[in-house]
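Data block for work_2.cif (mmCIF, C-alpha atoms and all ligand atoms):
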data_protein
loop_
_atom_site.label_atom_id
_atom_site.label_comp_id
_atom_site.auth_asym_id
_atom_site.auth_seq_id
_atom_site.Cartn_x
_atom_site.Cartn_y
_atom_site.Cartn_z
CA MET N 469 17.46 17.15 -0.98
CA LEU N 470 18.73 17.63 -4.51
CA ARG N 471 17.60 16.12 -7.79
CA LYS N 472 20.14 13.80 -9.35
CA GLU N 473 21.09 16.28 -12.08
CA GLN N 474 21.65 18.99 -9.46
CA ASN N 475 23.84 16.68 -7.42
CA ASP N 476 25.82 15.79 -10.54
CA LEU N 477 26.24 19.44 -11.45
CA LEU N 478 27.68 20.36 -8.06
CA THR N 479 29.87 17.29 -7.56
CA GLN N 480 31.43 16.94 -11.04
CA THR N 481 34.32 19.32 -11.67
CA GLY N 482 36.31 17.79 -14.52
CA PRO N 483 37.05 19.67 -17.78
CA GLY N 484 33.90 20.68 -19.68
CA THR N 485 31.47 20.38 -16.75
CA PRO N 486 29.49 23.39 -15.45
CA GLY N 487 30.73 22.70 -11.89
CA GLY N 488 34.27 22.53 -13.26
CA ALA N 489 33.81 25.85 -15.04
CA LEU N 490 32.71 27.37 -11.75
CA PHE N 491 35.87 26.22 -9.92
CA ARG N 492 37.96 27.36 -12.88
CA SER N 493 36.77 30.94 -12.22
CA TYR N 494 38.80 31.20 -9.00
CA TRP N 495 42.38 31.23 -7.78
CA MET N 496 42.70 27.97 -5.83
CA PRO N 497 45.38 26.72 -3.45
CA ALA N 498 47.40 24.12 -5.37
CA LEU N 499 50.47 23.36 -3.23
CA LEU N 500 52.18 24.51 -0.06
CA ALA N 501 55.09 26.78 -0.96
CA ASP N 502 57.31 24.38 1.05
CA GLU N 503 56.66 21.67 -1.53
CA LEU N 504 58.85 23.56 -4.02
CA PRO N 505 61.48 24.83 -1.57
CA ALA N 506 64.33 25.77 -3.93
CA ASN N 507 65.20 26.59 -7.53
CA ASP N 508 65.62 23.42 -9.64
CA CYS N 509 64.14 21.26 -6.83
CA PRO N 510 62.25 18.06 -7.71
CA PRO N 511 58.92 18.62 -9.48
CA VAL N 512 55.66 17.68 -7.74
CA ARG N 513 52.66 15.87 -9.22
CA VAL N 514 49.38 17.59 -8.51
CA LYS N 515 45.93 16.54 -9.61
CA LEU N 516 43.27 19.26 -9.58
CA LEU N 517 39.74 19.24 -11.00
CA SER N 518 40.50 15.80 -12.52
CA GLU N 519 43.52 17.15 -14.46
CA ARG N 520 46.93 15.56 -13.90
CA LEU N 521 49.49 18.33 -13.64
CA LEU N 522 53.07 18.85 -12.63
CA ALA N 523 54.39 21.78 -10.59
CA PHE N 524 58.02 22.87 -10.78
CA ARG N 525 60.31 25.77 -9.93
CA ASP N 526 62.98 26.65 -12.47
CA SER N 527 66.57 27.89 -12.10
CA LYS N 528 65.35 31.49 -11.83
CA GLY N 529 62.72 30.72 -9.17
CA ARG N 530 59.79 30.91 -11.56
CA TYR N 531 56.88 28.59 -10.79
CA GLY N 532 55.00 26.59 -13.40
CA LEU N 533 52.05 24.22 -13.43
CA ILE N 534 52.01 22.22 -16.65
CA ASP N 535 50.49 19.07 -18.12
CA GLU N 536 52.10 16.10 -16.37
CA PHE N 537 52.81 14.26 -19.63
CA CYS N 538 55.40 14.84 -22.33
CA ALA N 539 53.98 15.91 -25.70
CA HIS N 540 56.25 13.41 -27.50
CA ARG N 541 55.00 10.03 -26.33
CA GLY N 542 53.35 10.69 -23.01
CA VAL N 543 56.02 10.01 -20.38
CA SER N 544 55.31 11.54 -16.97
CA LEU N 545 57.52 14.58 -16.63
CA TRP N 546 57.78 13.84 -12.91
CA PHE N 547 60.77 11.75 -14.04
CA GLY N 548 62.22 14.80 -15.73
CA ARG N 549 65.47 16.63 -15.10
CA ASN N 550 64.86 20.12 -13.70
CA GLU N 551 67.82 22.04 -15.11
CA GLU N 552 68.81 25.31 -16.82
CA CYS N 553 65.40 26.98 -16.73
CA GLY N 554 63.38 24.03 -17.90
CA LEU N 555 62.19 20.52 -17.27
CA ARG N 556 63.69 17.90 -19.56
CA CYS N 557 61.90 14.62 -20.30
CA PRO N 558 64.29 11.77 -19.48
CA TYR N 559 63.11 9.60 -22.40
CA HIS N 560 64.31 11.57 -25.45
CA GLY N 561 65.30 14.88 -23.90
CA TRP N 562 62.47 17.21 -24.95
CA LYS N 563 62.59 20.25 -22.69
CA TYR N 564 59.80 22.56 -21.46
CA ASP N 565 59.73 25.92 -19.67
CA VAL N 566 57.33 26.98 -16.86
CA THR N 567 54.71 28.06 -19.40
CA GLY N 568 54.73 24.58 -20.99
CA GLN N 569 56.50 25.88 -24.10
CA CYS N 570 58.81 23.28 -25.60
CA MET N 571 62.32 24.78 -25.69
CA GLU N 572 64.26 21.99 -27.30
CA VAL N 573 63.79 18.75 -29.23
CA PRO N 574 67.37 17.49 -29.32
CA SER N 575 66.84 14.93 -32.09
CA GLU N 576 65.56 17.56 -34.56
CA PRO N 577 67.71 20.18 -36.29
CA GLU N 578 67.27 23.47 -34.46
CA GLU N 579 66.57 25.38 -37.64
CA SER N 580 63.48 23.24 -38.27
CA GLY N 581 61.67 25.31 -35.56
CA PHE N 582 59.85 22.15 -34.50
CA ALA N 583 60.12 22.85 -30.75
CA LYS N 584 58.36 26.20 -31.15
CA LYS N 585 55.23 24.43 -32.36
CA ILE N 586 54.95 22.26 -29.24
CA LYS N 587 53.32 23.65 -26.11
CA LEU N 588 51.90 21.80 -23.14
CA LYS N 589 48.81 22.97 -21.32
CA SER N 590 49.87 25.21 -18.45
CA TYR N 591 48.41 27.35 -15.70
CA PRO N 592 49.87 30.23 -13.69
CA LEU N 593 51.25 29.40 -10.26
CA VAL N 594 51.89 32.22 -7.80
CA GLU N 595 53.11 32.30 -4.19
CA LYS N 596 51.14 34.18 -1.57
CA GLY N 597 51.01 33.54 2.15
CA GLY N 598 52.98 30.29 2.05
CA VAL N 599 50.61 28.82 -0.55
CA LEU N 600 51.05 28.35 -4.30
CA TRP N 601 47.83 29.38 -6.02
CA THR N 602 46.66 28.51 -9.48
CA TYR N 603 43.97 29.73 -11.82
CA MET N 604 42.78 27.13 -14.32
CA GLY N 605 40.24 29.20 -16.24
CA ASP N 606 40.16 31.36 -19.37
CA PRO N 607 43.36 33.50 -19.35
CA ALA N 608 41.34 36.47 -20.61
CA LYS N 609 39.25 36.37 -17.43
CA GLN N 610 42.05 35.85 -14.91
CA PRO N 611 41.05 37.69 -11.70
CA PRO N 612 43.43 39.62 -9.42
CA HIS N 613 45.48 37.49 -7.02
CA PRO N 614 43.70 36.21 -3.88
CA GLU N 615 43.34 38.60 -0.94
CA TRP N 616 42.30 36.32 1.95
CA GLU N 617 43.56 37.94 5.15
CA PHE N 618 45.40 34.81 6.31
CA ALA N 619 47.53 35.01 3.17
CA THR N 620 48.38 38.69 3.62
CA VAL N 621 49.54 38.75 7.28
CA PRO N 622 53.27 38.33 8.11
CA ASP N 623 54.49 34.71 7.93
CA ASP N 624 54.89 34.32 11.70
CA GLN N 625 51.17 35.02 12.21
CA ARG N 626 50.06 32.07 10.09
CA PHE N 627 50.11 28.27 9.79
CA VAL N 628 48.72 26.34 6.81
CA SER N 629 48.36 22.58 6.31
CA LYS N 630 46.67 20.28 3.83
CA ARG N 631 45.49 16.69 3.72
CA ILE N 632 43.84 14.38 1.26
CA GLN N 633 40.20 13.64 1.91
CA GLU N 634 38.72 10.56 0.28
CA SER N 635 35.39 12.07 -0.63
CA ASN N 636 33.87 14.52 -3.05
CA TRP N 637 34.59 18.17 -2.17
CA LEU N 638 30.95 19.13 -1.58
CA GLN N 639 30.18 16.81 1.33
CA ALA N 640 33.46 17.93 2.94
CA MET N 641 32.58 21.60 2.44
CA GLU N 642 29.06 21.05 3.75
CA GLY N 643 30.59 19.87 7.02
CA GLY N 644 32.41 23.19 7.24
CA ILE N 645 29.20 25.24 7.17
CA ASP N 646 27.14 22.89 9.31
CA SER N 647 27.81 24.46 12.72
CA SER N 648 25.17 22.31 14.42
CA HIS N 649 27.39 19.20 14.41
CA VAL N 650 29.84 20.86 16.80
CA SER N 651 27.50 20.12 19.73
CA PHE N 652 27.62 16.39 18.89
CA LEU N 653 30.55 15.16 16.83
CA HIS N 654 33.10 17.43 18.52
CA ARG N 655 31.50 17.50 21.98
CA GLY N 656 34.06 17.62 24.75
CA ASP N 657 36.99 18.58 22.56
CA LEU N 658 36.30 22.30 22.97
CA ASN N 659 37.47 22.06 26.58
CA ASN N 660 40.52 19.93 25.88
CA ASP N 661 42.10 21.09 22.64
CA PRO N 662 44.90 23.59 23.36
CA LEU N 663 43.85 25.65 20.35
CA PHE N 664 40.26 26.09 21.58
CA LYS N 665 40.11 25.79 25.36
CA GLY N 666 39.68 28.61 27.86
CA ALA N 667 37.58 31.00 25.76
CA LYS N 668 34.58 32.55 27.49
CA GLY N 669 32.51 31.80 24.40
CA ASN N 670 32.99 28.06 25.02
CA GLN N 671 30.73 28.36 28.07
CA TYR N 672 27.91 29.83 25.98
CA ASN N 673 28.45 26.96 23.56
CA MET N 674 28.23 24.35 26.31
CA ASN N 675 25.28 25.91 28.11
CA ASP N 676 23.02 26.11 25.09
CA SER N 677 22.97 23.08 22.84
CA ARG N 678 19.95 24.25 20.80
CA PRO N 679 21.39 27.18 18.88
CA VAL N 680 19.16 29.13 16.53
CA PHE N 681 20.68 29.52 13.07
CA GLU N 682 20.25 32.57 10.93
CA VAL N 683 21.79 32.40 7.48
CA VAL N 684 22.08 35.57 5.43
CA GLU N 685 23.55 36.12 1.96
CA SER N 686 26.85 37.99 1.92
CA PRO N 687 28.50 39.56 -1.14
CA GLY N 688 30.65 36.47 -1.79
CA GLY N 689 28.60 33.71 -0.18
CA LEU N 690 26.88 33.42 3.17
CA TYR N 691 27.05 34.58 6.75
CA ILE N 692 26.08 31.63 8.90
CA GLY N 693 25.05 32.93 12.31
CA ALA N 694 24.47 30.65 15.30
CA ARG N 695 22.71 32.30 18.23
CA ARG N 696 23.01 31.12 21.82
CA ASN N 697 21.87 32.67 25.09
CA ALA N 698 24.29 34.90 26.98
CA GLU N 699 23.78 36.95 30.19
CA ASN N 700 20.93 39.43 30.79
CA GLY N 701 18.89 38.37 27.80
CA HIS N 702 21.75 39.10 25.38
CA TYR N 703 22.75 36.72 22.61
CA TYR N 704 26.12 35.16 21.85
CA TRP N 705 26.52 35.03 18.08
CA ARG N 706 29.03 32.89 16.22
CA ILE N 707 29.20 33.99 12.61
CA THR N 708 30.97 31.69 10.17
CA GLN N 709 31.79 33.03 6.72
CA TRP N 710 31.40 30.95 3.61
CA VAL N 711 32.73 32.41 0.37
CA MET N 712 32.17 30.71 -2.94
CA PRO N 713 32.99 28.11 -3.96
CA SER N 714 34.55 26.49 -0.89
CA PHE N 715 36.21 28.88 1.54
CA THR N 716 35.10 28.87 5.16
CA MET N 717 36.26 30.83 8.16
CA ILE N 718 35.06 29.62 11.53
CA ALA N 719 34.14 32.05 14.30
CA PRO N 720 37.06 32.76 16.69
CA ARG N 721 37.38 31.75 20.34
CA GLY N 722 38.97 34.20 22.80
CA ASN N 723 42.50 35.17 21.84
CA HIS N 724 43.14 31.91 19.96
CA SER N 725 44.10 32.10 16.32
CA VAL N 726 41.20 31.93 13.84
CA HIS N 727 40.92 29.09 11.39
CA GLY N 728 39.15 27.88 8.36
CA HIS N 729 39.36 25.71 5.29
CA PHE N 730 39.26 25.40 1.54
CA TRP N 731 38.07 22.21 -0.14
CA ILE N 732 39.52 21.76 -3.58
CA PRO N 733 38.54 18.86 -5.85
CA ILE N 734 41.35 16.49 -6.80
CA ASP N 735 38.84 14.54 -8.85
CA ASP N 736 35.17 13.77 -8.24
CA GLU N 737 35.90 11.25 -5.48
CA ASN N 738 38.76 12.97 -3.62
CA CYS N 739 39.57 16.48 -2.47
CA TRP N 740 42.23 18.51 -0.72
CA THR N 741 41.25 19.77 2.69
CA TRP N 742 43.28 22.92 3.24
CA SER N 743 43.35 24.21 6.82
CA PHE N 744 44.70 27.58 7.90
CA ASP N 745 45.17 29.25 11.25
CA TYR N 746 46.21 32.86 11.71
CA HIS N 747 45.94 35.75 14.06
CA PRO N 748 45.29 39.16 12.49
CA ILE N 749 47.45 41.09 14.97
CA ARG N 750 49.88 38.79 16.76
CA GLU N 751 52.52 36.17 16.05
CA LEU N 752 51.60 32.55 16.70
CA ALA N 753 53.39 31.19 19.76
CA ASP N 754 55.83 28.29 19.31
CA ALA N 755 53.55 26.10 21.41
CA GLU N 756 50.61 26.90 19.13
CA VAL N 757 52.54 26.05 15.98
CA ALA N 758 53.83 22.85 17.60
CA ALA N 759 50.25 21.85 18.45
CA MET N 760 49.13 22.54 14.87
CA ARG N 761 51.98 20.44 13.49
CA GLU N 762 50.93 17.63 15.84
CA GLY N 763 47.40 17.72 14.42
CA LYS N 764 45.56 19.70 17.06
CA GLY N 765 42.78 22.19 16.33
CA VAL N 766 41.60 21.83 12.75
CA HIS N 767 44.87 20.26 11.55
CA VAL N 768 45.59 16.54 11.38
CA ALA N 769 48.70 14.42 11.69
CA THR N 770 49.76 13.01 8.32
CA ILE N 771 51.94 10.05 7.39
CA PRO N 772 55.45 11.51 6.92
CA GLY N 773 56.23 12.20 3.27
CA THR N 774 52.54 12.14 2.33
CA TYR N 775 49.40 14.19 2.87
CA ARG N 776 47.36 11.19 3.96
CA SER N 777 46.18 11.30 7.56
CA VAL N 778 47.66 8.83 10.06
CA ALA N 779 44.13 7.89 11.10
CA ASN N 780 42.34 6.93 7.89
CA LYS N 781 39.77 4.70 6.21
CA ASP N 782 42.11 1.68 6.21
CA ASN N 783 42.58 1.65 9.99
CA ASP N 784 39.00 2.71 10.84
CA TYR N 785 40.35 6.12 11.86
CA LEU N 786 41.86 4.49 15.00
CA MET N 787 38.36 4.37 16.47
CA ASP N 788 38.47 4.12 20.30
CA ARG N 789 35.25 2.37 21.36
CA GLN N 790 36.20 2.55 25.03
CA ALA N 791 36.59 6.34 24.91
CA GLN N 792 33.27 6.52 23.06
CA LYS N 793 31.53 4.39 25.71
CA GLU N 794 33.00 6.26 28.64
CA GLY N 795 32.10 9.62 27.11
CA ARG N 796 35.71 10.80 26.93
CA SER N 797 35.07 11.25 23.24
CA TYR N 798 31.65 11.60 21.66
CA SER N 799 32.70 10.09 18.33
CA GLY N 800 35.53 7.80 19.41
CA VAL N 801 37.78 9.31 16.74
CA ALA N 802 40.48 11.68 17.96
CA GLY N 803 40.77 15.30 16.78
CA PHE N 804 38.38 17.73 15.08
CA GLY N 805 39.76 17.18 11.58
CA MET N 806 39.56 13.40 11.67
CA GLN N 807 36.16 13.44 13.34
CA ASP N 808 34.95 15.45 10.34
CA ALA N 809 36.79 13.34 7.75
CA SER N 810 35.64 10.02 9.21
CA VAL N 811 31.93 10.81 9.03
CA GLN N 812 32.18 12.55 5.66
CA GLU N 813 34.16 9.74 4.02
CA SER N 814 31.72 7.21 5.52
CA MET N 815 28.97 8.67 3.27
CA GLY N 816 30.75 7.12 0.26
CA PRO N 817 32.80 8.99 -2.34
CA ILE N 818 29.81 11.01 -3.63
CA VAL N 819 26.82 11.08 -1.30
CA ASP N 820 23.42 10.56 -2.94
CA ARG N 821 21.59 13.77 -2.05
CA THR N 822 18.29 12.50 -3.51
CA LYS N 823 17.92 10.41 -0.35
CA GLU N 824 18.50 13.03 2.36
CA ASN N 825 16.04 14.26 4.98
CA LEU N 826 17.12 17.80 5.76
CA VAL N 827 16.08 19.76 8.86
CA SER N 828 16.13 23.43 9.86
CA THR N 829 19.77 23.34 11.03
CA ASP N 830 20.74 22.40 7.46
CA ASN N 831 19.67 25.83 6.23
CA GLY N 832 23.24 26.98 5.58
CA ILE N 833 23.85 23.93 3.40
CA ILE N 834 20.60 24.43 1.49
CA MET N 835 21.38 28.08 0.80
CA ALA N 836 24.98 27.35 -0.20
CA ARG N 837 23.85 24.72 -2.72
CA HIS N 838 21.37 27.16 -4.23
CA ARG N 839 23.99 29.86 -4.55
CA LEU N 840 26.39 27.42 -6.19
CA LEU N 841 23.72 26.14 -8.60
CA ARG N 842 22.62 29.67 -9.48
CA ALA N 843 26.19 30.83 -10.04
CA ALA N 844 27.11 27.78 -12.16
CA LYS N 845 24.03 28.32 -14.35
CA ALA N 846 24.60 32.08 -14.69
CA LEU N 847 28.19 31.40 -15.69
CA ALA N 848 27.27 28.67 -18.18
CA ASP N 849 24.30 30.52 -19.73
CA LYS N 850 25.42 34.15 -19.62
CA GLY N 851 29.10 34.17 -18.75
CA ILE N 852 28.42 36.01 -15.47
CA THR N 853 31.42 36.09 -13.09
CA PRO N 854 30.45 34.21 -9.91
CA PRO N 855 30.52 35.70 -6.38
CA GLY N 856 33.82 35.30 -4.52
CA VAL N 857 36.07 36.05 -7.52
CA ASP N 858 36.26 39.74 -6.61
CA PRO N 859 39.03 40.27 -3.99
CA ALA N 860 36.63 42.54 -2.07
CA HIS N 861 34.53 39.44 -1.37
CA GLN N 862 37.59 37.81 0.21
CA ASN N 863 38.26 40.70 2.58
CA ILE N 864 36.27 39.15 5.41
CA ARG N 865 36.44 37.89 8.98
CA SER N 866 34.40 35.50 11.05
CA VAL N 867 33.08 36.90 14.30
CA ALA N 868 32.13 35.88 17.85
CA ILE N 869 30.15 38.63 19.53
CA VAL N 870 27.56 39.31 22.24
CA LEU N 871 24.71 41.55 21.06
CA PRO N 872 21.49 42.91 22.58
CA PRO N 873 18.46 40.82 21.61
CA ASP N 874 16.91 43.44 19.33
CA VAL N 875 20.00 43.96 17.14
CA PRO N 876 20.19 41.79 13.99
CA TYR N 877 23.72 40.41 13.71
CA LYS N 878 24.10 41.65 10.16
CA GLU N 879 23.81 45.19 11.58
CA GLY N 880 25.49 44.68 14.96
CA ALA N 881 28.52 42.92 13.50
CA LYS N 882 28.65 44.84 10.21
CA ASP N 883 32.03 46.51 10.78
CA VAL N 884 33.79 43.49 12.23
CA LEU N 885 32.74 41.08 9.46
CA VAL N 886 35.27 42.92 7.28
CA ALA N 887 39.04 42.40 7.61
CA LYS N 888 40.94 45.51 8.63
CA PRO N 889 44.73 45.16 8.72
CA GLY N 890 46.17 45.65 12.21
CA VAL N 891 42.76 45.76 13.89
CA ALA N 892 41.97 43.12 16.53
CA PRO N 893 39.27 40.61 15.64
CA ALA N 894 35.84 40.66 17.33
CA THR N 895 35.89 37.62 19.59
CA VAL N 896 34.60 36.32 22.91
S1 LIG Y 1 58.47 10.84 -24.37
FE1 LIG Y 1 59.30 12.69 -23.65
S2 LIG Y 1 60.95 13.04 -24.96
FE2 LIG Y 1 60.09 11.24 -25.73
FE FE Y 2 33.57 19.67 12.30
#
Once more with this new file: its structure as structure tokens, please.
Ligand code: FES
Ligand SMILES: [Fe+2]
Amino acid sequence: MLRKEQNDLLTQTGPGTPGGALFRSYWMPALLADELPANDCPPVRVKLLSERLLAFRDSKGRYGLIDEFCAHRGVSLWFGRNEECGLRCPYHGWKYDVTGQCMEVPSEPEESGFAKKIKLKSYPLVEKGGVLWTYMGDPAKQPPHPEWEFATVPDDQRFVSKRIQESNWLQAMEGGIDSSHVSFLHRGDLNNDPLFKGAKGNQYNMNDSRPVFEVVESPGGLYIGARRNAENGHYYWRITQWVMPSFTMIAPRGNHSVHGHFWIPIDDENCWTWSFDYHPIRELADAEVAAMREGKGVHVATIPGTYRSVANKDNDYLMDRQAQKEGRSYSGVAGFGMQDASVQESMGPIVDRTKENLVSTDNGIIMARHRLLRAAKALADKGITPPGVDPAHQNIRSVAIVLPPDVPYKEGAKDVLVAKPGVAPATV
């Protein structure tokens, strides 16, 4: 349970809010690189942290993320002409470069220097791992570029997708660190989904539906360990990583690719769910990528030309009551991603955390909220850089491992919780 002011602090991320300042400390995924596929291609509207922005790629391939609206009289620059190293407003021809600097005001004499005095708000936009990342904070405090392993492996070892989620970011993220729902909401799908089935670890999952959770602070966030019984008194541990503010990496299964998410606020009532899959040491097979495109695993099928899911709030997520009744599907909604989205959106745009009744399996969520609150306060009061900004905190892996009963997972899995290029992941 949170007090109202705590809930507000964590769920409000617009300009000038403490929660917004926290998000503005990090490089965040803003667009898929495919959304700006060529020099001088059409610009793309993107709303992040309640700010309406426009992304474009100029004639020299430089990326920019600038205020969506023209400084003259507020026309959306989405209607602009992307030409000769700048974006030109179609109304009266004012032109801007990727930094938001006005290059030309055609109606004014050039010698007046008027254009030089006009600059739109802008943020850096850099490509890494098929994703365009932005940093919306104080330029003087800009951290090094992101180092998540999925973004550093060769392109053929990775797949990334995104979708709009119609809820606040925090309740979406809380689903990502709440491993206990897997035994209910997603029951059955572990054995059917091509991106999960066949792993030995799935048997441990199925045979023990009362996992014991052990949550431990990590340098950038939390290790969320779920312990189940294995053979000969040993334990099967699934260790999910959460790195502040909203990165998760779910424990792997067999030789399948590993996956995880980012949840990035669009505004306080909507967020981007980013989903990635990668394998640290092998290419993804064509069949795997095809399944991901179809919406298997953690990905979802979206309406062509949009990032809205095919199953959504307006069609009751294509709920199949018959499948629910017959036990073919526990939730009645198809696919991991939509099962998560349907329950999280059903809470309303911003869930009222003053009314919750938390239990021991919510420990990860409780600890994550405390870390976020602490970090937001330390940043607001003392300017302290929050955990997860340092690229070393991003150099992590999730783990599935069998350990003897007397070995704490933090010790037993110490070496494999860190990403090492070219080294196989620890997985069962
Ligand atoms: S509104 Fe953009 S040039 Fe006039
Ligand atoms: Fe889930």
Proximity check chain N to ligand LIG 1 (chain Y), 9 Å, nearest pairs one decimal Å, only C-alpha atoms and all ligand atoms, as JSON lines:
{"residue": "N:Phe537", "atom": "CA", "partner": "Y:LIG1", "partner_atom": "FE1", "distance": 7.8}
{"residue": "N:Cys538", "atom": "CA", "partner": "Y:LIG1", "partner_atom": "FE1", "distance": 4.6}
{"residue": "N:Ala539", "atom": "CA", "partner": "Y:LIG1", "partner_atom": "FE1", "distance": 6.5}
{"residue": "N:His540", "atom": "CA", "partner": "Y:LIG1", "partner_atom": "S1", "distance": 4.6}
{"residue": "N:Arg541", "atom": "CA", "partner": "Y:LIG1", "partner_atom": "S1", "distance": 4.1}
{"residue": "N:Gly542", "atom": "CA", "partner": "Y:LIG1", "partner_atom": "S1", "distance": 5.3}
{"residue": "N:Val543", "atom": "CA", "partner": "Y:LIG1", "partner_atom": "S1", "distance": 4.8}
{"residue": "N:Ser544", "atom": "CA", "partner": "Y:LIG1", "partner_atom": "FE1", "distance": 7.9}
{"residue": "N:Leu545", "atom": "CA", "partner": "Y:LIG1", "partner_atom": "FE1", "distance": 7.5}
{"residue": "N:Gly548", "atom": "CA", "partner": "Y:LIG1", "partner_atom": "FE1", "distance": 8.7}
{"residue": "N:Arg556", "atom": "CA", "partner": "Y:LIG1", "partner_atom": "S2", "distance": 7.8}
{"residue": "N:Cys557", "atom": "CA", "partner": "Y:LIG1", "partner_atom": "FE1", "distance": 4.7}
{"residue": "N:Pro558", "atom": "CA", "partner": "Y:LIG1", "partner_atom": "S2", "distance": 6.5}
{"residue": "N:Tyr559", "atom": "CA", "partner": "Y:LIG1", "partner_atom": "FE2", "distance": 4.8}
{"residue": "N:His560", "atom": "CA", "partner": "Y:LIG1", "partner_atom": "S2", "distance": 3.7}
{"residue": "N:Gly561", "atom": "CA", "partner": "Y:LIG1", "partner_atom": "S2", "distance": 4.8}
{"residue": "N:Trp562", "atom": "CA", "partner": "Y:LIG1", "partner_atom": "S2", "distance": 4.4}
{"residue": "N:Lys563", "atom": "CA", "partner": "Y:LIG1", "partner_atom": "S2", "distance": 7.7}
{"residue": "N:Val573", "atom": "CA", "partner": "Y:LIG1", "partner_atom": "S2", "distance": 7.7}
{"residue": "N:Pro574", "atom": "CA", "partner": "Y:LIG1", "partner_atom": "S2", "distance": 8.9}
Go ahead and write the residues just picked, C-alpha atoms, as a PDB file, keeping the file's coordinate frame.
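Here's the written file selection_32.pdb:
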ATOM      1  CA  PHE N 537      52.810  14.260 -19.630  1.00  0.00           C
ATOM      2  CA  CYS N 538      55.400  14.840 -22.330  1.00  0.00           C
ATOM      3  CA  ALA N 539      53.980  15.910 -25.700  1.00  0.00           C
ATOM      4  CA  HIS N 540      56.250  13.410 -27.500  1.00  0.00           C
ATOM      5  CA  ARG N 541      55.000  10.030 -26.330  1.00  0.00           C
ATOM      6  CA  GLY N 542      53.350  10.690 -23.010  1.00  0.00           C
ATOM      7  CA  VAL N 543      56.020  10.010 -20.380  1.00  0.00           C
ATOM      8  CA  SER N 544      55.310  11.540 -16.970  1.00  0.00           C
ATOM      9  CA  LEU N 545      57.520  14.580 -16.630  1.00  0.00           C
ATOM     10  CA  GLY N 548      62.220  14.800 -15.730  1.00  0.00           C
ATOM     11  CA  ARG N 556      63.690  17.900 -19.560  1.00  0.00           C
ATOM     12  CA  CYS N 557      61.900  14.620 -20.300  1.00  0.00           C
ATOM     13  CA  PRO N 558      64.290  11.770 -19.480  1.00  0.00           C
ATOM     14  CA  TYR N 559      63.110   9.600 -22.400  1.00  0.00           C
ATOM     15  CA  HIS N 560      64.310  11.570 -25.450  1.00  0.00           C
ATOM     16  CA  GLY N 561      65.300  14.880 -23.900  1.00  0.00           C
ATOM     17  CA  TRP N 562      62.470  17.210 -24.950  1.00  0.00           C
ATOM     18  CA  LYS N 563      62.590  20.250 -22.690  1.00  0.00           C
ATOM     19  CA  VAL N 573      63.790  18.750 -29.230  1.00  0.00           C
ATOM     20  CA  PRO N 574      67.370  17.490 -29.320  1.00  0.00           C
TER      21      PRO N 574
END
Minimum-distance residue to ligand FE 2 (chain Y), chosen among N:Gly643, N:Pro859, N:Gly688, N:Gly851 (using all atoms listed in the file):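 Residue with the minimum atom-to-atom distance to ligand FE 2 (chain Y): N:Gly643.
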Residue among N:Ala843, N:Leu885, N:Val891, N:Ala640 lying closest to Met806 (chain N), counting all atoms listed in the file: N:Ala640
All residues having an atom within 6 Å of ligand FE 2 (chain Y) (all atoms listed in the file) as a PyMOL selection string: chain N and resi 650+804+808
Using only C-alpha atoms, what does the table of region 657-769 of chain N residues within 12 Å of region 509-515 of chain N look like, with each row giving the shortest atom pair and its distance in Å to one decimal, sorted by chain and ascending number, as a Markdown table?
| residue | atom | partner | partner_atom | distance |
| --- | --- | --- | --- | --- |
| N:Ile732 | CA | N:Lys515 | CA | 10.2 |
| N:Pro733 | CA | N:Lys515 | CA | 8.6 |
| N:Ile734 | CA | N:Lys515 | CA | 5.4 |
| N:Asp735 | CA | N:Lys515 | CA | 7.4 |
| N:Asp736 | CA | N:Lys515 | CA | 11.2 |
| N:Asn738 | CA | N:Lys515 | CA | 10.0 |
| N:Cys739 | CA | N:Lys515 | CA | 9.6 |
| N:Trp740 | CA | N:Lys515 | CA | 9.8 |
Straight-line distance linking CA of Ile864 (chain N) with CA of Tyr877 (chain N), stated in Å to one decimal: 15.1 Å
Gly765 (chain N) environment, 12 Å, only C-alpha atoms, sequence neighbours closer than 2 positions dropped, as JSON, numbers by chain: {"N": [627, 628, 629, 654, 657, 658, 659, 660, 661, 662, 663, 664, 665, 718, 721, 724, 725, 726, 727, 728, 743, 744, 745, 756, 757, 758, 759, 760, 761, 762, 763, 767, 768, 769, 802, 803, 804, 805, 806, 807, 808]}
Selection near Ala791 (chain N), 9 Å with all atoms listed in the file, sequence-local residues under 6 positions removed, as a PyMOL selection string: chain N and resi 797-801
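CA of Met496 (chain N) is found 13.9 Å from CA of Glu519 (chain N).
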Of the listed residues N:Pro720, N:Pro611, N:Pro679, N:Pro687, that which approaches Ala667 (chain N) most closely, counting all atoms listed in the file: N:Pro720
Using all atoms listed in the file: which of N:Lys585, N:Leu600, N:Glu551, N:Arg631 has the shortest distance to Pro772 (chain N):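 Nearest to Pro772 (chain N): N:Arg631.
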Gap from CA of Gly484 (chain N) to CA of Arg837 (chain N) - Å, one decimal: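 Between these atoms lies a distance of 20.1 Å.
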Nearest to Arg706 (chain N), chosen from N:Leu871, N:Ala755, N:Ala844, N:Met571, with all atoms listed in the file counted in the distances: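 Among N:Leu871, N:Ala755, N:Ala844, N:Met571, it is N:Leu871 that comes nearest to Arg706 (chain N).
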Nearest to Val566 (chain N), chosen from N:Ala894, N:Leu593, N:Val857, N:Val870, with all atoms listed in the file counted in the distances: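 Once distances to Val566 (chain N) are computed over all atoms listed in the file, the minimum belongs to N:Leu593.
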